[in-house]
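Peer 1: Next up, my_file34.cif (mmCIF, C-alpha atoms).
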```
data_data
loop_
_atom_site.group_PDB
_atom_site.id
_atom_site.type_symbol
_atom_site.label_atom_id
_atom_site.label_comp_id
_atom_site.auth_asym_id
_atom_site.auth_seq_id
_atom_site.Cartn_x
_atom_site.Cartn_y
_atom_site.Cartn_z
ATOM 1 C CA MET B 176 -17.817 104.058 125.827
ATOM 2 C CA TYR B 177 -19.676 106.933 127.353
ATOM 3 C CA LYS B 178 -20.322 110.228 125.635
ATOM 4 C CA LEU B 179 -20.158 113.484 127.493
ATOM 5 C CA LEU B 180 -23.754 114.304 126.613
ATOM 6 C CA GLY B 181 -26.415 111.720 125.853
ATOM 7 C CA LYS B 182 -26.346 107.967 125.667
ATOM 8 C CA SER B 183 -23.424 105.900 124.556
ATOM 9 C CA LYS B 184 -23.468 104.771 120.977
ATOM 10 C CA GLU B 185 -23.609 101.001 120.530
ATOM 11 C CA GLU B 186 -20.825 99.628 118.419
ATOM 12 C CA PRO B 187 -22.016 97.653 115.386
ATOM 13 C CA THR B 188 -21.191 93.987 115.091
ATOM 14 C CA ILE B 189 -18.723 92.797 112.495
ATOM 15 C CA LEU B 190 -21.438 91.552 110.157
ATOM 16 C CA VAL B 191 -23.362 94.847 110.298
ATOM 17 C CA ALA B 192 -20.144 96.763 109.703
ATOM 18 C CA LEU B 193 -19.359 94.582 106.677
ATOM 19 C CA GLU B 194 -22.811 95.239 105.224
ATOM 20 C CA GLN B 195 -22.361 98.977 105.721
ATOM 21 C CA LEU B 196 -18.931 98.858 104.087
ATOM 22 C CA ASN B 197 -20.330 96.925 101.149
ATOM 23 C CA GLU B 198 -23.153 99.466 100.679
ATOM 24 C CA LYS B 199 -20.680 102.362 100.849
ATOM 25 C CA LEU B 200 -18.401 100.675 98.325
ATOM 26 C CA GLU B 201 -21.302 100.147 95.920
ATOM 27 C CA GLU B 202 -22.288 103.792 96.325
ATOM 28 C CA LEU B 203 -18.736 104.928 95.557
ATOM 29 C CA GLU B 204 -18.600 102.646 92.512
ATOM 30 C CA LYS B 205 -21.822 104.184 91.178
ATOM 31 C CA LYS B 206 -20.469 107.695 91.714
ATOM 32 C CA GLU B 207 -17.249 106.740 89.950
ATOM 33 C CA LYS B 208 -19.164 105.324 86.962
ATOM 34 C CA VAL B 209 -21.269 108.484 86.696
ATOM 35 C CA LEU B 210 -18.166 110.657 86.832
ATOM 36 C CA LEU B 211 -16.394 108.533 84.201
ATOM 37 C CA LYS B 212 -19.434 108.920 81.954
ATOM 38 C CA LYS B 213 -19.361 112.696 82.468
ATOM 39 C CA VAL B 214 -15.638 112.772 81.648
ATOM 40 C CA SER B 215 -16.223 110.976 78.357
ATOM 41 C CA GLU B 216 -19.145 113.324 77.536
ATOM 42 C CA GLU B 217 -16.984 116.387 78.205
ATOM 43 C CA VAL B 218 -14.231 114.996 75.954
ATOM 44 C CA GLU B 219 -16.778 114.461 73.159
ATOM 45 C CA LYS B 220 -18.151 117.991 73.629
ATOM 46 C CA ALA B 221 -14.624 119.420 73.559
ATOM 47 C CA LYS B 222 -13.929 117.582 70.270
ATOM 48 C CA GLU B 223 -17.153 118.942 68.769
ATOM 49 C CA PHE B 224 -16.345 122.497 69.855
ATOM 50 C CA THR B 225 -12.802 122.135 68.471
ATOM 51 C CA ARG B 226 -14.196 121.004 65.106
ATOM 52 C CA ALA B 227 -16.556 123.978 65.193
ATOM 53 C CA LYS B 228 -13.528 126.206 66.024
ATOM 54 C CA ASN B 229 -15.025 127.324 69.337
ATOM 55 C CA LYS B 230 -11.907 127.216 71.519
ATOM 56 C CA ARG B 231 -13.463 128.934 74.501
ATOM 57 C CA ALA B 232 -16.233 126.308 74.890
ATOM 58 C CA ALA B 233 -13.710 123.483 74.280
ATOM 59 C CA ILE B 234 -11.460 124.815 77.068
ATOM 60 C CA GLN B 235 -14.486 124.999 79.415
ATOM 61 C CA CYS B 236 -15.275 121.335 78.636
ATOM 62 C CA LEU B 237 -11.676 120.328 79.354
ATOM 63 C CA LYS B 238 -11.771 122.209 82.673
ATOM 64 C CA ARG B 239 -14.945 120.382 83.672
ATOM 65 C CA LYS B 240 -13.294 117.128 82.586
ATOM 66 C CA LYS B 241 -10.332 117.855 84.842
ATOM 67 C CA LEU B 242 -12.699 118.661 87.730
ATOM 68 C CA TYR B 243 -14.494 115.325 87.257
ATOM 69 C CA GLU B 244 -11.155 113.489 87.176
ATOM 70 C CA GLN B 245 -10.165 115.120 90.463
ATOM 71 C CA GLN B 246 -13.439 113.941 92.002
ATOM 72 C CA ILE B 247 -12.749 110.414 90.742
ATOM 73 C CA GLU B 248 -9.345 110.455 92.454
ATOM 74 C CA LYS B 249 -11.023 111.731 95.600
ATOM 75 C CA TYR B 250 -13.414 108.736 95.628
ATOM 76 C CA GLY B 251 -10.758 106.103 95.189
ATOM 77 C CA GLY B 252 -8.179 106.894 92.585
ATOM 78 C CA PHE B 253 -8.110 103.370 91.167
ATOM 79 C CA PRO B 254 -10.543 101.203 89.241
ATOM 80 C CA ALA B 255 -13.568 99.765 91.013
ATOM 81 C CA SER B 256 -12.431 96.188 90.383
ATOM 82 C CA HIS B 257 -9.296 96.706 92.493
ATOM 83 C CA SER B 258 -11.238 98.256 95.362
ATOM 84 C CA ARG B 259 -13.828 95.468 95.156
ATOM 85 C CA SER B 260 -11.220 92.685 95.314
ATOM 86 C CA GLY B 261 -9.441 94.386 98.215
ATOM 87 C CA PHE B 262 -12.722 94.811 100.037
ATOM 88 C CA LEU B 263 -13.648 91.167 99.480
ATOM 89 C CA PHE B 264 -10.289 90.063 100.864
ATOM 90 C CA ILE B 265 -10.714 92.213 103.961
ATOM 91 C CA SER B 266 -14.339 91.170 104.472
ATOM 92 C CA ASP B 267 -13.431 87.482 104.145
ATOM 93 C CA LEU B 268 -10.642 87.985 106.646
ATOM 94 C CA LEU B 269 -12.974 89.728 109.098
ATOM 95 C CA VAL B 270 -15.627 87.022 108.756
ATOM 96 C CA TRP B 271 -12.979 84.335 109.311
ATOM 97 C CA CYS B 272 -11.759 86.144 112.446
ATOM 98 C CA TYR B 273 -15.341 86.528 113.675
ATOM 99 C CA VAL B 274 -16.026 82.814 113.214
ATOM 100 C CA LYS B 275 -12.817 81.900 115.032
ATOM 101 C CA LEU B 276 -13.761 84.263 117.859
ATOM 102 C CA CYS B 277 -17.196 82.627 118.167
ATOM 103 C CA VAL B 278 -15.638 79.155 118.234
ATOM 104 C CA VAL B 279 -13.155 80.135 120.936
ATOM 105 C CA HIS B 280 -15.956 81.754 122.944
ATOM 106 C CA GLN B 281 -18.085 78.594 122.725
ATOM 107 C CA ILE B 282 -15.156 76.407 123.737
ATOM 108 C CA THR B 283 -14.390 78.543 126.785
ATOM 109 C CA CYS B 284 -18.076 78.562 127.789
ATOM 110 C CA ARG B 285 -18.178 74.772 127.563
ATOM 111 C CA ILE B 286 -14.983 74.443 129.585
ATOM 112 C CA PHE B 287 -16.354 76.673 132.351
ATOM 113 C CA LYS B 288 -19.637 74.720 132.316
ATOM 114 C CA CYS B 289 -17.757 71.423 132.695
ATOM 115 C CA VAL B 290 -15.683 72.851 135.529
ATOM 116 C CA ASP B 291 -18.841 74.091 137.286
ATOM 117 C CA ASP B 292 -20.604 70.738 136.773
ATOM 118 C CA ASN B 293 -17.689 68.758 138.159
ATOM 119 C CA ALA B 294 -16.863 71.099 141.049
ATOM 120 C CA GLY B 295 -19.151 69.379 143.595
ATOM 121 C CA ARG B 296 -18.549 65.793 142.500
ATOM 122 C CA LYS B 297 -16.762 63.258 144.608
ATOM 123 C CA ILE B 298 -15.129 60.007 143.593
ATOM 124 C CA ASP B 299 -18.067 58.022 145.045
ATOM 125 C CA ASP B 300 -20.486 59.927 142.801
ATOM 126 C CA VAL B 301 -18.361 59.089 139.786
ATOM 127 C CA ASP B 302 -18.332 55.385 140.738
ATOM 128 C CA LYS B 303 -22.134 55.351 141.100
ATOM 129 C CA MET B 304 -22.551 57.097 137.761
ATOM 130 C CA MET B 305 -20.239 54.606 136.038
ATOM 131 C CA ASP B 306 -22.190 51.686 137.541
ATOM 132 C CA GLU B 307 -25.456 53.157 136.222
ATOM 133 C CA ILE B 308 -23.928 53.664 132.768
ATOM 134 C CA ASN B 309 -22.681 50.055 132.698
ATOM 135 C CA GLU B 310 -26.139 48.755 133.712
ATOM 136 C CA GLN B 311 -27.779 50.790 130.946
ATOM 137 C CA ASN B 312 -25.241 49.482 128.419
ATOM 138 C CA GLU B 313 -26.022 45.898 129.436
ATOM 139 C CA ILE B 314 -29.757 46.528 128.986
ATOM 140 C CA ILE B 315 -29.131 48.082 125.555
ATOM 141 C CA ILE B 316 -27.080 45.042 124.508
ATOM 142 C CA GLN B 317 -29.887 42.707 125.648
ATOM 143 C CA ILE B 318 -32.453 44.717 123.663
ATOM 144 C CA GLN B 319 -30.246 44.624 120.568
ATOM 145 C CA ASP B 320 -29.811 40.868 120.905
ATOM 146 C CA ALA B 321 -33.567 40.372 121.303
ATOM 147 C CA LEU B 322 -34.286 42.477 118.209
ATOM 148 C CA ALA B 323 -31.649 40.645 116.181
ATOM 149 C CA THR B 324 -33.129 37.167 116.802
ATOM 150 C CA PRO B 325 -35.281 35.653 114.078
ATOM 151 C CA ILE B 326 -39.018 35.455 114.582
ATOM 152 C CA GLY B 327 -41.318 32.661 113.512
ATOM 153 C CA SER B 328 -40.473 29.043 112.731
ATOM 154 C CA ALA B 329 -36.736 29.829 112.579
ATOM 155 C CA ALA B 330 -36.661 31.168 116.149
ATOM 156 C CA ASN B 331 -35.467 29.015 119.010
ATOM 157 C CA PHE B 332 -37.216 30.357 122.131
ATOM 158 C CA ASP B 333 -35.178 28.335 124.626
ATOM 159 C CA GLU B 334 -31.828 30.041 123.903
ATOM 160 C CA VAL B 335 -32.752 33.766 123.874
ATOM 161 C CA PRO B 336 -34.809 35.506 126.573
ATOM 162 C CA SER B 337 -37.957 37.061 125.226
ATOM 163 C CA LEU B 338 -38.263 40.798 124.663
ATOM 164 C CA SER B 339 -41.068 41.077 127.210
ATOM 165 C CA LEU B 340 -38.823 39.770 130.000
ATOM 166 C CA ILE B 341 -36.114 42.290 129.107
ATOM 167 C CA MET B 342 -38.642 45.156 129.057
ATOM 168 C CA ILE B 343 -39.952 44.115 132.487
ATOM 169 C CA SER B 344 -36.403 44.117 133.872
ATOM 170 C CA ILE B 345 -35.866 47.622 132.425
ATOM 171 C CA CYS B 346 -39.003 48.926 134.113
ATOM 172 C CA TYR B 347 -37.937 47.570 137.495
ATOM 173 C CA ALA B 348 -34.335 48.802 137.088
ATOM 174 C CA ALA B 349 -35.427 52.371 136.489
#
```
Could you render the structure from this file as structure tokens?

Peer 2:
Amino acid sequence: MYKLLGKSKEEPTILVALEQLNEKLEELEKKEKVLLKKVSEEVEKAKEFTRAKNKRAAIQCLKRKKLYEQQIEKYGGFPASHSRSGFLFISDLLVWCYVKLCVVHQITCRIFKCVDDNAGRKIDDVDKMMDEINEQNEIIIQIQDALATPIGSAANFDEVPSLSLIMISICYAA
């Protein structure tokens, strides 16, 4: 998207956005913990002032306590564990969607590549390629047979062609 003035702002990727969300959530959790600590301190101060029969200072502590509670509701309104589990669910869902999107993108790229590769081929080219593949398979089978034969006194040289003859035929075939 283009801005009216200046350059367009690049949109963050899903993974960067998830990291930023995680950092923001941790920051909000820390703020909530600090505010909860302040609330409990104000309650303790109010109890001390009430014991000392200083109602005015106790009321001031309760007002500050109420202010801190309002800030806590502003930052989330529910315990950090609930927000964390909800965030984890959403982040897992986004990562899953991102992975699926990457897989679909790769599949479509491969399909287009196959279509482009096969666009100029004719049936004669396919026949030639299949003949070459069959020749290579025959050579591979001969090499495997030569490697599987026993060596030494147990070997019977008259039945199996030697490996050197097969290698020479490979060199001339290529």

Peer 1: Please measure the separation of CA of Glu217 (chain B) and CA of Cys236 (chain B), giving the value in Å to one decimal.

Peer 2: 5.3 Å

Peer 1: CA of Lys240 (chain B) and CA of Leu196 (chain B), how far apart in Å?

Peer 2: 28.8 Å

Peer 1: Would you pick out the contacts of Lys249 (chain B) at 12 Å or less, using only C-alpha atoms, so that residues sharing its chain but fewer than 5 positions from it are not included, and give the list as an MDAnalysis selection string?

Peer 2: chainID B and resid 203 206:207 210 242:244

Peer 1: Please identify all polymer residues within 9 Å of region 272-285 of chain B, counting only C-alpha atoms, omitting same-chain residues fewer than 4 positions from it, and present them as a PyMOL selection string.

Peer 2: chain B and resi 189-190+267-268+289-290

Peer 1: Counting all atoms listed in the file, what is within 12 Å of Lys241 (chain B), bar same-chain residues fewer than 3 positions away, as a ChimeraX atom specification?

Peer 2: /B:210-211,213-215,217-218,234-238,244-248

Peer 1: Mind giving me the straight-line distance from CA of Glu198 (chain B) to CA of Trp271 (chain B) in Å, one decimal?

Peer 2: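 So the answer is 20.2 Å.
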
Peer 1: Of the candidates B:Ile314, B:Asp306, B:Lys220, B:Tyr250, which one gets nearest to Lys208 (chain B) if we count only C-alpha atoms?

Peer 2: B:Tyr250

Peer 1: Measuring atom to atom with all atoms listed in the file, identify which of B:Ser266, B:Asn309, B:Gln319, B:Thr225 is nearest to Ala192 (chain B).

Peer 2: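 Looking at the shortest contact to Ala192 (chain B), the residue is B:Ser266.
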
Peer 1: Restricting the calculation to all atoms listed in the file: of B:Ile316, B:Ile308, B:Leu263, B:Ala323, which residue gets closest to Leu200 (chain B)?

Peer 2: B:Leu263
